[in-house]
Amino acid sequence: MTYSAQSPQTPRDRSEFSIALSALLANPMGLLGLILVTVFLLSAILAPWLTPYGPYDFAGMPLEPPSRTHLIGTDGLGRDLLTRILYGGRIELTLAFTAVPASLIIGMFLGTIAGYGPAWLDNAMVLLFDTIRSFPSIVLALAILTLTEPSVRMVGIIFVIGAVPSFGRIARTQTLALKNTEYILAIRSLGAGPFTVIRRHILPNAIGPLLILAAMDVPVVVTVEAGLSFLGLGVLPPTATWGTVLNEGFSVIRDTPWPVIAGGLPLILTTLGFTFLGEALRDVIDPKLRGTR
């Protein structure tokens with residue numbers, strides 16, 4: 001009897017997961033996004049095994065065109081461009097999967113206590129979010145970088161500061177919509193404390209939109225790094241990132257376009273991949289939003 005009572009539950013759980021996965025794969029944009037994201041992740045993780053060179057090795061003559069030895073050519077110092085792109089992806093991956101979760105956690109915490117707490121705390125948090133968002137991102141980045149030394153860490157901190165208000169506002173809106181619903185009021189009347197209500201009932205229902213935003217923010221981190229590095233304000237050479245490859249390629253663009261193509265194409269494909277995947281996840285998590293912008 002124990003086996004028969006528990007057995008129907010497992011197939012149902014598996015069915016819910018398979019339905020969500022099937023819905024994601026049935027969306028052409030979602031499938032394309034998943035493929036692009038998977039290629040990005042695997043190429044970054046497996047970079048040392050995908051190329052015989054190191055990111056700083058002088059592997060050939062400067063500005064060689066694509067060949068069997070160097071599939072997308074070499075840069076102005078003779079370093080293999082494919083190798084630098086693959087190793088640059090490792091830095092982009094580390095940066096994105098550090099800064100985005102940090103932004104999500106901080107924003108979710110601040111937004112939840114703003115929505116669930118007293119009115120004065122809510123007003124203070126909204127003022128904080130609006131103050132940060134009132135600064136253009138490039139101005140905020142320049143202000144921070146004038147006081148510090150450019151590095152991967154500083155690029156991540158700049159993104160976190162700029163992204164927390166977006167996550168915080170979504171968490172606050174979800175909390176305000178949920179905290180006065182009948183089932184939350186019933187739970188509170190039974191003696192559940194704020195921490196229990198938030199942890200067990202509000203956050204599980206509010207996490208969906210936050211995860212969608214996180215998926216769409218991954219290419220934003222990559223773009224921020226590339227833009228700052230291209231301007232010489234982010235990660236500095238000789239570190240291999242897509243931004244530094246673009247910066248170095250721009251100086252020799254009259255001689256060869258391959259360094260610029262090598263730095264720009266991964267940015268385009270990564271942005272498209274995470275954007276398509278985020279849109280598809282939004283449709284799976286909340287079908288009511290399908291087709292909306």
# chains A, B, ... in the order shown; residues from 1 in each chain; ligands from 1

call {"tool": "residues_around", "arguments": {"residues": "Met61 in chain A", "least_positions_apart": "5", "cutoff": "9 Å", "atoms": "only C-alpha atoms", "output": "JSON list (two decimals) with N, CA, C and O atoms, in the first residue's frame"}}
result
[["chain", "number", "residue", "atom", "x", "y", "z"],
["A", 74, "THR", "N", 45.19, 35.57, -36.28],
["A", 74, "THR", "CA", 45.94, 36.01, -35.11],
["A", 74, "THR", "C", 45.79, 37.51, -34.93],
["A", 74, "THR", "O", 45.39, 38.22, -35.86],
["A", 75, "ASP", "N", 46.12, 37.98, -33.73],
["A", 75, "ASP", "CA", 46.00, 39.42, -33.46],
["A", 75, "ASP", "C", 47.31, 40.13, -33.81],
["A", 75, "ASP", "O", 48.21, 39.56, -34.42],
["A", 76, "GLY", "N", 47.43, 41.39, -33.42],
["A", 76, "GLY", "CA", 48.59, 42.19, -33.78],
["A", 76, "GLY", "C", 49.88, 41.72, -33.16],
["A", 76, "GLY", "O", 50.96, 42.15, -33.60],
["A", 77, "LEU", "N", 49.81, 40.84, -32.16],
["A", 77, "LEU", "CA", 51.02, 40.30, -31.53],
["A", 77, "LEU", "C", 51.27, 38.84, -31.90],
["A", 77, "LEU", "O", 52.19, 38.22, -31.36],
["A", 78, "GLY", "N", 50.45, 38.30, -32.78],
["A", 78, "GLY", "CA", 50.62, 36.91, -33.19],
["A", 78, "GLY", "C", 49.94, 35.91, -32.28],
["A", 78, "GLY", "O", 50.20, 34.71, -32.38],
["A", 79, "ARG", "N", 49.06, 36.35, -31.39],
["A", 79, "ARG", "CA", 48.33, 35.43, -30.50],
["A", 79, "ARG", "C", 47.10, 34.89, -31.22],
["A", 79, "ARG", "O", 46.44, 35.63, -31.97]]

call {"tool": "residues_around", "arguments": {"residues": "Val221 in chain A", "least_positions_apart": "3", "cutoff": "9 Å", "atoms": "only C-alpha atoms", "output": "PyMOL selection string"}}
result
chain A and resi 92+95-96+99-100+155-156+159+217-218+224-226

call {"tool": "write_last_selection", "arguments": {"atoms": "N, CA, C and O atoms", "output": "JSON list (two decimals), in the first residue's frame"}}
result
[["chain", "number", "residue", "atom", "x", "y", "z"],
["A", 92, "GLU", "N", 34.10, 36.12, -18.96],
["A", 92, "GLU", "CA", 32.72, 36.60, -19.08],
["A", 92, "GLU", "C", 31.77, 35.71, -18.28],
["A", 92, "GLU", "O", 30.86, 36.20, -17.60],
["A", 95, "LEU", "N", 32.28, 36.32, -14.54],
["A", 95, "LEU", "CA", 31.72, 37.62, -14.18],
["A", 95, "LEU", "C", 30.20, 37.58, -14.16],
["A", 95, "LEU", "O", 29.56, 38.04, -13.20],
["A", 96, "ALA", "N", 29.60, 37.01, -15.21],
["A", 96, "ALA", "CA", 28.14, 37.00, -15.31],
["A", 96, "ALA", "C", 27.50, 36.16, -14.20],
["A", 96, "ALA", "O", 26.52, 36.57, -13.57],
["A", 99, "ALA", "N", 28.08, 38.20, -10.76],
["A", 99, "ALA", "CA", 27.40, 39.49, -10.59],
["A", 99, "ALA", "C", 25.89, 39.35, -10.63],
["A", 99, "ALA", "O", 25.18, 40.00, -9.85],
["A", 100, "VAL", "N", 25.36, 38.54, -11.55],
["A", 100, "VAL", "CA", 23.90, 38.43, -11.66],
["A", 100, "VAL", "C", 23.28, 37.79, -10.42],
["A", 100, "VAL", "O", 22.30, 38.32, -9.87],
["A", 155, "VAL", "N", 34.24, 45.79, -12.49],
["A", 155, "VAL", "CA", 33.16, 45.70, -13.48],
["A", 155, "VAL", "C", 31.95, 44.99, -12.86],
["A", 155, "VAL", "O", 30.80, 45.41, -13.05],
["A", 156, "GLY", "N", 32.20, 43.92, -12.11],
["A", 156, "GLY", "CA", 31.10, 43.22, -11.44],
["A", 156, "GLY", "C", 30.39, 44.09, -10.42],
["A", 156, "GLY", "O", 29.16, 44.08, -10.34],
["A", 159, "PHE", "N", 28.15, 46.59, -12.14],
["A", 159, "PHE", "CA", 26.90, 45.99, -12.61],
["A", 159, "PHE", "C", 25.94, 45.73, -11.45],
["A", 159, "PHE", "O", 24.73, 46.00, -11.57],
["A", 217, "ASP", "N", 19.70, 39.42, -17.91],
["A", 217, "ASP", "CA", 20.77, 40.32, -17.46],
["A", 217, "ASP", "C", 22.16, 39.76, -17.70],
["A", 217, "ASP", "O", 23.14, 40.50, -17.63],
["A", 218, "VAL", "N", 22.26, 38.47, -17.98],
["A", 218, "VAL", "CA", 23.57, 37.88, -18.25],
["A", 218, "VAL", "C", 24.25, 38.57, -19.43],
["A", 218, "VAL", "O", 25.42, 38.97, -19.33],
["A", 224, "VAL", "N", 28.42, 45.18, -20.67],
["A", 224, "VAL", "CA", 29.04, 46.20, -19.82],
["A", 224, "VAL", "C", 30.55, 46.01, -19.77],
["A", 224, "VAL", "O", 31.32, 46.96, -19.93],
["A", 225, "GLU", "N", 30.96, 44.75, -19.57],
["A", 225, "GLU", "CA", 32.40, 44.48, -19.53],
["A", 225, "GLU", "C", 33.06, 44.82, -20.86],
["A", 225, "GLU", "O", 34.13, 45.45, -20.90],
["A", 226, "ALA", "N", 32.43, 44.42, -21.96],
["A", 226, "ALA", "CA", 33.01, 44.67, -23.27],
["A", 226, "ALA", "C", 33.10, 46.17, -23.55],
["A", 226, "ALA", "O", 34.11, 46.65, -24.08]]

call {"tool": "atom_distance", "arguments": {"atom1": "CA of Arg84 in chain A", "atom2": "CA of Ala215 in chain A"}}
result
24.9 Å

call {"tool": "residues_around", "arguments": {"residues": "Ala177 in chain A", "least_positions_apart": "5", "cutoff": "10 Å", "atoms": "only C-alpha atoms", "output": "VMD selection string"}}
result
chain A and resid 115 171 to 172 202 206

call {"tool": "residues_around", "arguments": {"residues": "Phe109 in chain A", "least_positions_apart": "3", "cutoff": "12 Å", "atoms": "only C-alpha atoms", "output": "list of chain:residue names"}}
result
A:Ala102, A:Ser103, A:Leu104, A:Ile105, A:Ile106, A:Thr112, A:Ile113, A:Ala114, A:Gly115, A:Tyr116, A:Gly117, A:Met125, A:Val164, A:Pro165, A:Phe167, A:Gly168, A:Arg169, A:Ile170, A:Ala171, A:Arg172, A:Thr175, A:Phe195, A:Ile198, A:Arg199, A:Ile202, A:Leu203, A:Ala206, A:Ile207, A:Leu210

call {"tool": "closest_residue", "arguments": {"among": "A:Leu110, A:Leu267, A:Ala214, A:Ile285", "to": "Gly227 in chain A", "atoms": "only C-alpha atoms"}}
result
A:Leu267

call {"tool": "select_by_dssp", "arguments": {"residues": "range 95-206 of chain A", "states": "alpha helix (DSSP H)", "output": "mmCIF file with N, CA and C atoms, in the first residue's frame"}}
result
data_model
loop_
_atom_site.group_PDB
_atom_site.id
_atom_site.type_symbol
_atom_site.label_atom_id
_atom_site.label_comp_id
_atom_site.auth_asym_id
_atom_site.auth_seq_id
_atom_site.Cartn_x
_atom_site.Cartn_y
_atom_site.Cartn_z
ATOM 1 N N LEU A 95 32.277 36.321 -14.540
ATOM 2 C CA LEU A 95 31.718 37.619 -14.184
ATOM 3 C C LEU A 95 30.200 37.582 -14.155
ATOM 4 N N ALA A 96 29.597 37.010 -15.208
ATOM 5 C CA ALA A 96 28.135 36.996 -15.307
ATOM 6 C C ALA A 96 27.503 36.160 -14.199
ATOM 7 N N PHE A 97 28.081 34.986 -13.932
ATOM 8 C CA PHE A 97 27.475 34.084 -12.951
ATOM 9 C C PHE A 97 27.907 34.401 -11.527
ATOM 10 N N THR A 98 28.611 35.497 -11.356
ATOM 11 C CA THR A 98 28.873 36.035 -10.026
ATOM 12 C C THR A 98 28.051 37.290 -9.793
ATOM 13 N N ALA A 99 28.076 38.201 -10.756
ATOM 14 C CA ALA A 99 27.402 39.489 -10.590
ATOM 15 C C ALA A 99 25.889 39.353 -10.632
ATOM 16 N N VAL A 100 25.361 38.542 -11.549
ATOM 17 C CA VAL A 100 23.897 38.426 -11.661
ATOM 18 C C VAL A 100 23.275 37.788 -10.421
ATOM 19 N N PRO A 101 23.778 36.641 -9.917
ATOM 20 C CA PRO A 101 23.206 36.113 -8.674
ATOM 21 C C PRO A 101 23.343 37.070 -7.498
ATOM 22 N N ALA A 102 24.471 37.789 -7.419
ATOM 23 C CA ALA A 102 24.626 38.762 -6.328
ATOM 24 C C ALA A 102 23.573 39.851 -6.433
ATOM 25 N N SER A 103 23.325 40.339 -7.648
ATOM 26 C CA SER A 103 22.293 41.363 -7.840
ATOM 27 C C SER A 103 20.915 40.828 -7.479
ATOM 28 N N LEU A 104 20.650 39.595 -7.895
ATOM 29 C CA LEU A 104 19.343 38.986 -7.609
ATOM 30 C C LEU A 104 19.121 38.844 -6.105
ATOM 31 N N ILE A 105 20.122 38.324 -5.403
ATOM 32 C CA ILE A 105 19.970 38.079 -3.956
ATOM 33 C C ILE A 105 19.801 39.393 -3.198
ATOM 34 N N ILE A 106 20.663 40.376 -3.497
ATOM 35 C CA ILE A 106 20.566 41.661 -2.796
ATOM 36 C C ILE A 106 19.260 42.363 -3.131
ATOM 37 N N GLY A 107 18.919 42.401 -4.427
ATOM 38 C CA GLY A 107 17.673 43.056 -4.822
ATOM 39 C C GLY A 107 16.444 42.367 -4.266
ATOM 40 N N MET A 108 16.457 41.036 -4.253
ATOM 41 C CA MET A 108 15.321 40.294 -3.709
ATOM 42 C C MET A 108 15.170 40.567 -2.213
ATOM 43 N N PHE A 109 16.290 40.615 -1.498
ATOM 44 C CA PHE A 109 16.232 40.889 -0.056
ATOM 45 C C PHE A 109 15.682 42.292 0.214
ATOM 46 N N LEU A 110 16.247 43.286 -0.474
ATOM 47 C CA LEU A 110 15.806 44.668 -0.233
ATOM 48 C C LEU A 110 14.370 44.881 -0.685
ATOM 49 N N GLY A 111 14.014 44.321 -1.831
ATOM 50 C CA GLY A 111 12.651 44.494 -2.327
ATOM 51 C C GLY A 111 11.615 43.803 -1.475
ATOM 52 N N THR A 112 11.969 42.628 -0.948
ATOM 53 C CA THR A 112 11.011 41.890 -0.111
ATOM 54 C C THR A 112 10.768 42.604 1.210
ATOM 55 N N ILE A 113 11.831 43.067 1.865
ATOM 56 C CA ILE A 113 11.607 43.770 3.136
ATOM 57 C C ILE A 113 10.925 45.123 2.906
ATOM 58 N N ALA A 114 11.134 45.712 1.718
ATOM 59 C CA ALA A 114 10.427 46.955 1.404
ATOM 60 C C ALA A 114 8.934 46.709 1.256
ATOM 61 N N GLY A 115 8.573 45.649 0.539
ATOM 62 C CA GLY A 115 7.164 45.359 0.321
ATOM 63 C C GLY A 115 6.449 44.825 1.538
ATOM 64 N N TYR A 116 7.179 44.079 2.386
ATOM 65 C CA TYR A 116 6.524 43.463 3.548
ATOM 66 C C TYR A 116 6.623 44.333 4.797
ATOM 67 N N ALA A 119 5.595 51.257 6.145
ATOM 68 C CA ALA A 119 5.564 52.219 5.041
ATOM 69 C C ALA A 119 6.842 53.040 4.971
ATOM 70 N N TRP A 120 7.408 53.426 6.124
ATOM 71 C CA TRP A 120 8.615 54.256 6.094
ATOM 72 C C TRP A 120 9.795 53.503 5.479
ATOM 73 N N LEU A 121 9.879 52.201 5.739
ATOM 74 C CA LEU A 121 10.945 51.403 5.159
ATOM 75 C C LEU A 121 10.737 51.247 3.652
ATOM 76 N N ASP A 122 9.490 51.052 3.259
ATOM 77 C CA ASP A 122 9.164 50.947 1.839
ATOM 78 C C ASP A 122 9.556 52.230 1.115
ATOM 79 N N ASN A 123 9.200 53.377 1.683
ATOM 80 C CA ASN A 123 9.538 54.662 1.056
ATOM 81 C C ASN A 123 11.052 54.864 0.963
ATOM 82 N N ALA A 124 11.772 54.443 2.007
ATOM 83 C CA ALA A 124 13.228 54.598 1.999
ATOM 84 C C ALA A 124 13.865 53.732 0.910
ATOM 85 N N MET A 125 13.370 52.504 0.744
ATOM 86 C CA MET A 125 13.924 51.619 -0.273
ATOM 87 C C MET A 125 13.609 52.123 -1.678
ATOM 88 N N VAL A 126 12.393 52.593 -1.872
ATOM 89 C CA VAL A 126 12.018 53.140 -3.184
ATOM 90 C C VAL A 126 12.888 54.352 -3.519
ATOM 91 N N LEU A 127 13.140 55.192 -2.516
ATOM 92 C CA LEU A 127 14.011 56.352 -2.735
ATOM 93 C C LEU A 127 15.421 55.905 -3.105
ATOM 94 N N LEU A 128 15.921 54.866 -2.437
ATOM 95 C CA LEU A 128 17.242 54.340 -2.754
ATOM 96 C C LEU A 128 17.293 53.795 -4.179
ATOM 97 N N PHE A 129 16.278 53.007 -4.563
ATOM 98 C CA PHE A 129 16.234 52.462 -5.922
ATOM 99 C C PHE A 129 16.193 53.580 -6.962
ATOM 100 N N ASP A 130 15.333 54.572 -6.736
ATOM 101 C CA ASP A 130 15.188 55.665 -7.702
ATOM 102 C C ASP A 130 16.455 56.507 -7.794
ATOM 103 N N THR A 131 17.145 56.666 -6.664
ATOM 104 C CA THR A 131 18.388 57.453 -6.676
ATOM 105 C C THR A 131 19.448 56.768 -7.523
ATOM 106 N N ILE A 132 19.596 55.465 -7.350
ATOM 107 C CA ILE A 132 20.594 54.730 -8.140
ATOM 108 C C ILE A 132 20.229 54.746 -9.616
ATOM 109 N N ARG A 133 18.945 54.556 -9.920
ATOM 110 C CA ARG A 133 18.516 54.504 -11.313
ATOM 111 C C ARG A 133 18.558 55.867 -11.984
ATOM 112 N N SER A 134 18.619 56.941 -11.207
ATOM 113 C CA SER A 134 18.644 58.278 -11.801
ATOM 114 C C SER A 134 19.986 58.585 -12.455
ATOM 115 N N SER A 137 24.019 54.753 -16.501
ATOM 116 C CA SER A 137 24.951 53.679 -16.148
ATOM 117 C C SER A 137 26.388 54.026 -16.490
ATOM 118 N N ILE A 138 26.615 54.682 -17.631
ATOM 119 C CA ILE A 138 27.987 54.998 -18.015
ATOM 120 C C ILE A 138 28.575 56.051 -17.085
ATOM 121 N N VAL A 139 27.744 57.010 -16.640
ATOM 122 C CA VAL A 139 28.220 58.033 -15.706
ATOM 123 C C VAL A 139 28.557 57.396 -14.363
ATOM 124 N N LEU A 140 27.706 56.481 -13.918
ATOM 125 C CA LEU A 140 27.965 55.775 -12.662
ATOM 126 C C LEU A 140 29.255 54.970 -12.760
ATOM 127 N N ALA A 141 29.456 54.289 -13.907
ATOM 128 C CA ALA A 141 30.669 53.501 -14.092
ATOM 129 C C ALA A 141 31.906 54.391 -14.084
ATOM 130 N N LEU A 142 31.843 55.519 -14.781
ATOM 131 C CA LEU A 142 32.993 56.427 -14.832
ATOM 132 C C LEU A 142 33.300 56.998 -13.451
ATOM 133 N N ALA A 143 32.247 57.309 -12.693
ATOM 134 C CA ALA A 143 32.462 57.863 -11.356
ATOM 135 C C ALA A 143 33.157 56.862 -10.448
ATOM 136 N N ILE A 144 32.770 55.603 -10.538
ATOM 137 C CA ILE A 144 33.383 54.578 -9.694
ATOM 138 C C ILE A 144 34.807 54.282 -10.136
ATOM 139 N N LEU A 145 35.019 54.211 -11.450
ATOM 140 C CA LEU A 145 36.338 53.841 -11.962
ATOM 141 C C LEU A 145 37.377 54.937 -11.773
ATOM 142 N N VAL A 152 38.287 43.092 -13.270
ATOM 143 C CA VAL A 152 37.067 42.291 -13.409
ATOM 144 C C VAL A 152 36.154 42.514 -12.206
ATOM 145 N N ARG A 153 36.745 42.587 -11.017
ATOM 146 C CA ARG A 153 35.948 42.780 -9.803
ATOM 147 C C ARG A 153 35.181 44.090 -9.848
ATOM 148 N N MET A 154 35.839 45.165 -10.305
ATOM 149 C CA MET A 154 35.162 46.458 -10.342
ATOM 150 C C MET A 154 34.036 46.475 -11.369
ATOM 151 N N VAL A 155 34.236 45.795 -12.494
ATOM 152 C CA VAL A 155 33.156 45.696 -13.484
ATOM 153 C C VAL A 155 31.945 44.991 -12.865
ATOM 154 N N GLY A 156 32.197 43.917 -12.111
ATOM 155 C CA GLY A 156 31.101 43.216 -11.444
ATOM 156 C C GLY A 156 30.389 44.086 -10.421
ATOM 157 N N ILE A 157 31.159 44.841 -9.629
ATOM 158 C CA ILE A 157 30.555 45.716 -8.624
ATOM 159 C C ILE A 157 29.700 46.796 -9.286
ATOM 160 N N ILE A 158 30.199 47.355 -10.384
ATOM 161 C CA ILE A 158 29.439 48.382 -11.101
ATOM 162 C C ILE A 158 28.110 47.816 -11.592
ATOM 163 N N PHE A 159 28.147 46.588 -12.136
ATOM 164 C CA PHE A 159 26.901 45.986 -12.607
ATOM 165 C C PHE A 159 25.940 45.734 -11.451
ATOM 166 N N VAL A 160 26.459 45.210 -10.340
ATOM 167 C CA VAL A 160 25.590 44.907 -9.191
ATOM 168 C C VAL A 160 24.896 46.177 -8.699
ATOM 169 N N ILE A 161 25.653 47.250 -8.575
ATOM 170 C CA ILE A 161 25.060 48.510 -8.109
ATOM 171 C C ILE A 161 23.954 48.962 -9.046
ATOM 172 N N GLY A 162 24.178 48.848 -10.339
ATOM 173 C CA GLY A 162 23.172 49.302 -11.290
ATOM 174 C C GLY A 162 21.984 48.371 -11.436
ATOM 175 N N ALA A 163 22.175 47.066 -11.170
ATOM 176 C CA ALA A 163 21.110 46.093 -11.406
ATOM 177 C C ALA A 163 20.234 45.836 -10.183
ATOM 178 N N VAL A 164 20.736 46.080 -8.978
ATOM 179 C CA VAL A 164 19.954 45.812 -7.768
ATOM 180 C C VAL A 164 18.585 46.498 -7.780
ATOM 181 N N PRO A 165 18.469 47.773 -8.203
ATOM 182 C CA PRO A 165 17.139 48.395 -8.210
ATOM 183 C C PRO A 165 16.109 47.663 -9.063
ATOM 184 N N SER A 166 16.529 47.099 -10.200
ATOM 185 C CA SER A 166 15.577 46.379 -11.050
ATOM 186 C C SER A 166 15.051 45.135 -10.351
ATOM 187 N N PHE A 167 15.940 44.356 -9.767
ATOM 188 C CA PHE A 167 15.506 43.171 -9.021
ATOM 189 C C PHE A 167 14.696 43.582 -7.793
ATOM 190 N N GLY A 168 15.125 44.653 -7.121
ATOM 191 C CA GLY A 168 14.416 45.107 -5.927
ATOM 192 C C GLY A 168 13.002 45.550 -6.219
ATOM 193 N N ARG A 169 12.796 46.252 -7.312
ATOM 194 C CA ARG A 169 11.445 46.724 -7.653
ATOM 195 C C ARG A 169 10.519 45.558 -7.983
ATOM 196 N N ILE A 170 11.048 44.561 -8.706
ATOM 197 C CA ILE A 170 10.210 43.395 -9.026
ATOM 198 C C ILE A 170 9.853 42.631 -7.754
ATOM 199 N N ALA A 171 10.832 42.418 -6.875
ATOM 200 C CA ALA A 171 10.559 41.712 -5.615
ATOM 201 C C ALA A 171 9.567 42.493 -4.761
ATOM 202 N N ARG A 172 9.694 43.806 -4.721
ATOM 203 C CA ARG A 172 8.772 44.638 -3.948
ATOM 204 C C ARG A 172 7.356 44.539 -4.504
ATOM 205 N N THR A 173 7.222 44.616 -5.829
ATOM 206 C CA THR A 173 5.895 44.528 -6.449
ATOM 207 C C THR A 173 5.248 43.183 -6.178
ATOM 208 N N GLN A 174 6.013 42.103 -6.309
ATOM 209 C CA GLN A 174 5.468 40.776 -6.047
ATOM 210 C C GLN A 174 5.061 40.614 -4.586
ATOM 211 N N THR A 175 5.867 41.152 -3.677
ATOM 212 C CA THR A 175 5.555 41.050 -2.254
ATOM 213 C C THR A 175 4.293 41.834 -1.908
ATOM 214 N N LEU A 176 4.172 43.043 -2.445
ATOM 215 C CA LEU A 176 2.973 43.841 -2.192
ATOM 216 C C LEU A 176 1.728 43.151 -2.720
ATOM 217 N N ALA A 177 1.852 42.470 -3.864
ATOM 218 C CA ALA A 177 0.686 41.788 -4.442
ATOM 219 C C ALA A 177 0.297 40.551 -3.637
ATOM 220 N N LEU A 178 1.266 39.938 -2.947
ATOM 221 C CA LEU A 178 0.995 38.676 -2.265
ATOM 222 C C LEU A 178 0.668 38.827 -0.787
ATOM 223 N N LYS A 179 1.193 39.846 -0.132
ATOM 224 C CA LYS A 179 1.127 39.864 1.329
ATOM 225 C C LYS A 179 -0.281 40.057 1.873
ATOM 226 N N GLU A 182 -5.634 36.269 0.641
ATOM 227 C CA GLU A 182 -6.351 35.582 1.705
ATOM 228 C C GLU A 182 -5.515 34.485 2.357
ATOM 229 N N TYR A 183 -4.780 33.734 1.550
ATOM 230 C CA TYR A 183 -4.038 32.623 2.164
ATOM 231 C C TYR A 183 -2.866 33.128 3.006
ATOM 232 N N ILE A 184 -2.266 34.259 2.640
ATOM 233 C CA ILE A 184 -1.196 34.833 3.460
ATOM 234 C C ILE A 184 -1.775 35.367 4.765
ATOM 235 N N LEU A 185 -2.936 36.035 4.683
ATOM 236 C CA LEU A 185 -3.580 36.539 5.890
ATOM 237 C C LEU A 185 -3.982 35.395 6.819
ATOM 238 N N ALA A 186 -4.429 34.278 6.218
ATOM 239 C CA ALA A 186 -4.804 33.123 7.039
ATOM 240 C C ALA A 186 -3.585 32.530 7.736
ATOM 241 N N ILE A 187 -2.486 32.441 7.033
ATOM 242 C CA ILE A 187 -1.259 31.911 7.628
ATOM 243 C C ILE A 187 -0.782 32.815 8.759
ATOM 244 N N ARG A 188 -0.845 34.123 8.541
ATOM 245 C CA ARG A 188 -0.435 35.057 9.594
ATOM 246 C C ARG A 188 -1.345 34.964 10.800
ATOM 247 N N SER A 189 -2.640 34.752 10.577
ATOM 248 C CA SER A 189 -3.571 34.651 11.697
ATOM 249 C C SER A 189 -3.324 33.409 12.543
ATOM 250 N N PRO A 194 6.902 36.836 10.256
ATOM 251 C CA PRO A 194 7.278 37.414 8.958
ATOM 252 C C PRO A 194 8.315 36.586 8.215
ATOM 253 N N PHE A 195 9.326 36.079 8.933
ATOM 254 C CA PHE A 195 10.373 35.305 8.270
ATOM 255 C C PHE A 195 9.801 34.045 7.637
ATOM 256 N N THR A 196 8.921 33.364 8.356
ATOM 257 C CA THR A 196 8.307 32.144 7.834
ATOM 258 C C THR A 196 7.432 32.450 6.635
ATOM 259 N N VAL A 197 6.629 33.511 6.719
ATOM 260 C CA VAL A 197 5.740 33.872 5.616
ATOM 261 C C VAL A 197 6.545 34.209 4.363
ATOM 262 N N LEU A 203 8.495 34.283 -1.253
ATOM 263 C CA LEU A 203 9.630 34.116 -2.170
ATOM 264 C C LEU A 203 9.401 33.031 -3.226
ATOM 265 N N PRO A 204 8.847 31.843 -2.863
ATOM 266 C CA PRO A 204 8.615 30.842 -3.916
ATOM 267 C C PRO A 204 7.680 31.331 -5.022
ATOM 268 N N ASN A 205 6.758 32.217 -4.698
ATOM 269 C CA ASN A 205 5.832 32.737 -5.699
ATOM 270 C C ASN A 205 6.385 33.945 -6.447
ATOM 271 N N ALA A 206 7.406 34.571 -5.883
ATOM 272 C CA ALA A 206 7.964 35.774 -6.509
ATOM 273 C C ALA A 206 9.232 35.492 -7.305
#

call {"tool": "closest_residue", "arguments": {"among": "A:Ala59, A:Leu32, A:Val220, A:Leu81", "to": "Ile261 in chain A", "atoms": "only C-alpha atoms"}}
result
A:Leu81

call {"tool": "residues_around", "arguments": {"residues": "Gly30 in chain A", "least_positions_apart": "4", "cutoff": "7 Å", "atoms": "only C-alpha atoms", "output": "tab-separated table (two decimals) with all heavy atoms, in the first residue's frame"}}
result
chain	number	residue	atom	x	y	z
A	24	LEU	N	9.46	24.60	-23.55
A	24	LEU	CA	10.65	25.39	-23.87
A	24	LEU	C	11.26	24.97	-25.20
A	24	LEU	O	11.59	25.81	-26.04
A	24	LEU	CB	11.69	25.24	-22.74
A	24	LEU	CG	13.01	25.99	-22.93
A	24	LEU	CD1	12.78	27.50	-22.96
A	24	LEU	CD2	13.99	25.63	-21.82
A	25	LEU	N	11.35	23.65	-25.41
A	25	LEU	CA	11.96	23.15	-26.65
A	25	LEU	C	11.05	23.34	-27.85
A	25	LEU	O	11.52	23.41	-28.99
A	25	LEU	CB	12.32	21.67	-26.49
A	25	LEU	CG	13.36	21.35	-25.41
A	25	LEU	CD1	13.61	19.84	-25.34
A	25	LEU	CD2	14.66	22.08	-25.67
A	34	LEU	N	18.62	28.19	-26.14
A	34	LEU	CA	19.23	27.14	-25.33
A	34	LEU	C	20.49	26.60	-26.00
A	34	LEU	O	21.50	26.34	-25.33
A	34	LEU	CB	18.22	26.01	-25.11
A	34	LEU	CG	18.65	24.86	-24.19
A	34	LEU	CD1	18.95	25.38	-22.80
A	34	LEU	CD2	17.57	23.79	-24.15
A	276	PHE	N	16.72	35.21	-26.08
A	276	PHE	CA	15.72	34.24	-26.54
A	276	PHE	C	15.34	33.27	-25.43
A	276	PHE	O	14.16	32.94	-25.25
A	276	PHE	CB	16.27	33.45	-27.74
A	276	PHE	CG	16.41	34.26	-29.00
A	276	PHE	CD1	17.24	33.83	-30.03
A	276	PHE	CD2	15.71	35.44	-29.16
A	276	PHE	CE1	17.37	34.57	-31.19
A	276	PHE	CE2	15.85	36.19	-30.32
A	276	PHE	CZ	16.67	35.75	-31.34
A	277	LEU	N	16.33	32.81	-24.67
A	277	LEU	CA	16.05	31.88	-23.58
A	277	LEU	C	15.21	32.54	-22.50
A	277	LEU	O	14.28	31.93	-21.96
A	277	LEU	CB	17.36	31.36	-22.99
A	277	LEU	CG	17.24	30.30	-21.89
A	277	LEU	CD1	16.53	29.07	-22.41
A	277	LEU	CD2	18.62	29.93	-21.34
A	280	ALA	N	11.62	32.77	-23.70
A	280	ALA	CA	10.96	31.47	-23.66
A	280	ALA	C	10.65	31.05	-22.22
A	280	ALA	O	9.57	30.50	-21.95
A	280	ALA	CB	11.85	30.42	-24.34

call {"tool": "closest_residue", "arguments": {"among": "A:Leu41, A:Ile85, A:Val260, A:Ala26", "to": "Pro55 in chain A", "atoms": "only C-alpha atoms"}}
result
A:Ile85

call {"tool": "closest_residue", "arguments": {"among": "A:Gly89, A:Pro237, A:Pro259, A:Pro136", "to": "Pro219 in chain A", "atoms": "only C-alpha atoms"}}
result
A:Gly89

call {"tool": "closest_residue", "arguments": {"among": "A:Gly73, A:Pro266, A:Pro257, A:Pro209", "to": "Gly88 in chain A", "atoms": "only C-alpha atoms"}}
result
A:Pro266

call {"tool": "closest_residue", "arguments": {"among": "A:Leu281, A:Arg200, A:Leu246, A:Phe230", "to": "Trp258 in chain A", "atoms": "only C-alpha atoms"}}
result
A:Leu246

call {"tool": "atom_distance", "arguments": {"atom1": "CA of Arg282 in chain A", "atom2": "CA of Ile212 in chain A"}}
result
6.0 Å
